[in-house]
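Novice: Just passing along the structure, written as structure tokens.
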Amino acid sequence: MSTGSTHSVRILFVDDEPSILNSLQRVVRNFHAECSFVAQGRKALEMMAEEPFDLIVSDMRMPDMDGLELLSEVAELYPETVRIVLTGYSDEESVLKAINQGRVWGFVHKPWQQNDLLSTIQQALTTQQLMAERALLRRTVASYAKDRKDNFMGFKGNSMAMQLVYNTIERCAGSDASVFITGPSGSGKEVAALALHQLSKRQAKAFVALNCAAIPRDLIESEIFGHIKGAFSGAIGNRIGAASKADGGTLFLDEVGELDIDLQSKLLRFIQTGVIQKVGSDKLETVDIRFICATNRNPLEAIAAKLLREDLYYRLNVIALAMPPLCERGSDAIQLAQYFLDQFSDQEAKGFVGFSRNAERLLVAYRWPGNVRQLQNCIHNAVIMSEGPLITEVTLAASLQLDSPTLATLITTPLERPVSDSLSIGNGAPALSLGHAISVASDRMGSTSPSPITSLDFAEDPVSSPDNGLGPGHGTIYPLSEIERITIERAIGLCNGNVVNAANALEVSPSTLYRKIKDWA
């Protein structure tokens, strides 16, 4: 029998004693889950074959099959189902062995207390959700790793941040929907706009780029829409505007937030109607254009400051594309630097072949406020001002005008993981780097019967690493109990929810962890 609920979580209780099943029904009657109750292990497997459950709670001793035998089959057939056994103290050794082998997630002693049972079920469901999210993470990371590109339509770099950019461009290139590109100066917004055009059905037509910030305010309207002879002082002839030039193709308006607010209203009408009117002319002209706009400002802040019309922003922002700054692209800086080095070495007839190790560390550690454009100029300067075969950190420091203490700090400071190279796994858990995610997801989450883990590597973990906020030198002191809880919870997470494995890795007894988990509930 079942107790219905609007919640999608499904729990199966298995016990051969009717009185126990009745008692379980009373305990979970207000629990937000769909609960089913069955008296035989074989029947439980039949029910799971029809529709798997999120959690199964089974008695240890039953006439048709042993509880551990049942849960072992469930572990093999439905590894994402969390498994709890109800057991007496006399069975504890065999239960702990089953937990250590990954066949069982946890246990509740009989006779159980209502609060203990509900607390264990809730913890198990939380674990199940985390396992599902990590499985999704593993599949996502594997997909990106499989399709990862080193080069794409003029871009260089294989960081996760750029894979997301490439993916967005590929997905929306075939559409005529307008695209709004954001990102700091020098991050490649025009390269992205050109890639969108070259992959679109408009590729045979013109791609017209207009930098709105580089054109005087009194001329920008003429630059966009064109003008006729005599329209204003100095208009000695007719002029075709960018909109007419881009007819059938793509118009890219860079730094669109720099347009005068009144001209933004004219641009909005143009986008909505597809009709332009040259300055000084009464004639209307219809054009077919795909709009791509970009800004290095935060568009919402620009709207709040009355620098960008809200209605224009939402009309243009059908598809949003965020270009990451170079400092969030990790080792892409090295790949880009090598590309520029090869280019300028040939151009300047120099024999450079690469970078010293410390130069590579500087390339990744430096913040690059001017982004790819600054990196390009830096490498060009270094090629001109030095001789090969390697560019050293000293040469780069001279190009960047860094003093010796700053250089020493940059090449010795442990590198932070780029934010854009991380994926959140939800549940309040911190993001994992791509490499760490693959390691955790594939090596530790991919097995249906995880082997015991004797040590845990927290070096890349942004929560538990002392270099990421919990250790000295970061201005924050955390209570020891909080650090202990974080460490234990992360250990259990890395062990796929297996408390015994986590206890072995932390070199404490499983009962210690169970007691602490109970205290936190």
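Ordering of the structure tokens sets the chain letters (A, B, ...), residue numbers begin anew at 1 in every chain, and ligands are numbered from 1 in the order given.
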Would you pick out the contacts of Val191 in chain A at 9 Å or less, using only C-alpha atoms, so that residues sharing its chain but fewer than 3 positions from it are not included, and give the list as a PDB file with N, CA and C atoms, in the first residue's frame?
Specialist:
```
ATOM      1  N   MET A 153      36.766  29.002 -35.031  1.00  0.00           N
ATOM      2  CA  MET A 153      36.362  30.212 -35.736  1.00  0.00           C
ATOM      3  C   MET A 153      37.172  31.444 -35.342  1.00  0.00           C
ATOM      4  N   GLY A 154      38.476  31.293 -35.295  1.00  0.00           N
ATOM      5  CA  GLY A 154      39.331  32.417 -34.952  1.00  0.00           C
ATOM      6  C   GLY A 154      39.720  32.486 -33.498  1.00  0.00           C
ATOM      7  N   PHE A 155      39.082  31.697 -32.654  1.00  0.00           N
ATOM      8  CA  PHE A 155      39.418  31.640 -31.228  1.00  0.00           C
ATOM      9  C   PHE A 155      40.505  30.596 -30.991  1.00  0.00           C
ATOM     10  N   SER A 187      38.359  40.961 -24.959  1.00  0.00           N
ATOM     11  CA  SER A 187      38.033  39.560 -24.672  1.00  0.00           C
ATOM     12  C   SER A 187      37.557  38.792 -25.896  1.00  0.00           C
ATOM     13  N   GLY A 188      37.359  39.464 -27.034  1.00  0.00           N
ATOM     14  CA  GLY A 188      36.998  38.755 -28.265  1.00  0.00           C
ATOM     15  C   GLY A 188      35.547  38.898 -28.680  1.00  0.00           C
ATOM     16  N   LEU A 194      31.701  37.896 -35.500  1.00  0.00           N
ATOM     17  CA  LEU A 194      32.049  37.441 -36.836  1.00  0.00           C
ATOM     18  C   LEU A 194      31.821  35.938 -36.990  1.00  0.00           C
ATOM     19  N   ALA A 195      32.121  35.177 -35.934  1.00  0.00           N
ATOM     20  CA  ALA A 195      31.881  33.730 -35.975  1.00  0.00           C
ATOM     21  C   ALA A 195      30.393  33.439 -36.140  1.00  0.00           C
ATOM     22  N   LEU A 196      29.546  34.184 -35.431  1.00  0.00           N
ATOM     23  CA  LEU A 196      28.097  34.009 -35.564  1.00  0.00           C
ATOM     24  C   LEU A 196      27.662  34.264 -37.000  1.00  0.00           C
TER      25      LEU A 196
END
```
Novice: Considering only C-alpha atoms, return as a list in words whatever protein or nucleic-acid residues lie within 8 Å of range 201-208 of chain A, sequence-local ones (same chain, fewer than 4 positions apart) excluded.
Specialist: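 Residues meeting the cut-off are Gly174, Leu194, His197, Ala242, Lys245, Ala246, Asp247, Gly248, Gly249, Thr250, Leu251 and Phe252 of chain A.
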Novice: Could you please take those selected residues and save C-alpha atoms as an mmCIF file, in the first residue's frame?
Specialist:
```
data_model
loop_
_atom_site.group_PDB
_atom_site.id
_atom_site.type_symbol
_atom_site.label_atom_id
_atom_site.label_comp_id
_atom_site.auth_asym_id
_atom_site.auth_seq_id
_atom_site.Cartn_x
_atom_site.Cartn_y
_atom_site.Cartn_z
ATOM 1 C CA GLY A 174 21.626 29.517 -37.593
ATOM 2 C CA LEU A 194 32.049 37.441 -36.836
ATOM 3 C CA HIS A 197 27.878 35.604 -39.012
ATOM 4 C CA ALA A 242 26.025 50.728 -42.066
ATOM 5 C CA LYS A 245 25.557 48.046 -46.256
ATOM 6 C CA ALA A 246 24.500 45.160 -43.985
ATOM 7 C CA ASP A 247 21.242 44.479 -45.858
ATOM 8 C CA GLY A 248 20.845 40.694 -46.073
ATOM 9 C CA GLY A 249 23.757 40.210 -43.691
ATOM 10 C CA THR A 250 24.755 41.109 -40.151
ATOM 11 C CA LEU A 251 25.155 44.470 -38.414
ATOM 12 C CA PHE A 252 27.458 44.404 -35.388
#
```
Novice: Which residues are close to Leu410 in chain A, i.e. within 10 Å by only C-alpha atoms, leaving aside same-chain residues fewer than 6 positions away? Reply as a list of chain:residue names.
Specialist: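 Contacts, in chain order: A:Asn358, A:Arg361, A:Leu362, A:Leu363, A:Val364, A:Ala365, A:Tyr366, A:Arg367, A:Ser404.
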Novice: Pick out the residues sitting within 10 Å of range 116-126 of chain A, and hand them over as a ChimeraX atom specification; count only C-alpha atoms, and ignore anything fewer than 3 positions along from it in its own chain.
Specialist: /A:9-11,24,27-28,31,54-57,81-84,86,105-110,112-113,129-132,427,497,514,517-518,520-521
Novice: Would you work out the distance separating CA of Val287 in chain A from CA of Gln272 in chain A, expressed in Å to one decimal?
Specialist: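 Separating CA of Val287 in chain A from CA of Gln272 in chain A is a distance of 11.6 Å.
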Novice: How many Å separate CA of Asn167 in chain A from CA of Val256 in chain A?
Specialist: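 So the answer is 24.3 Å.
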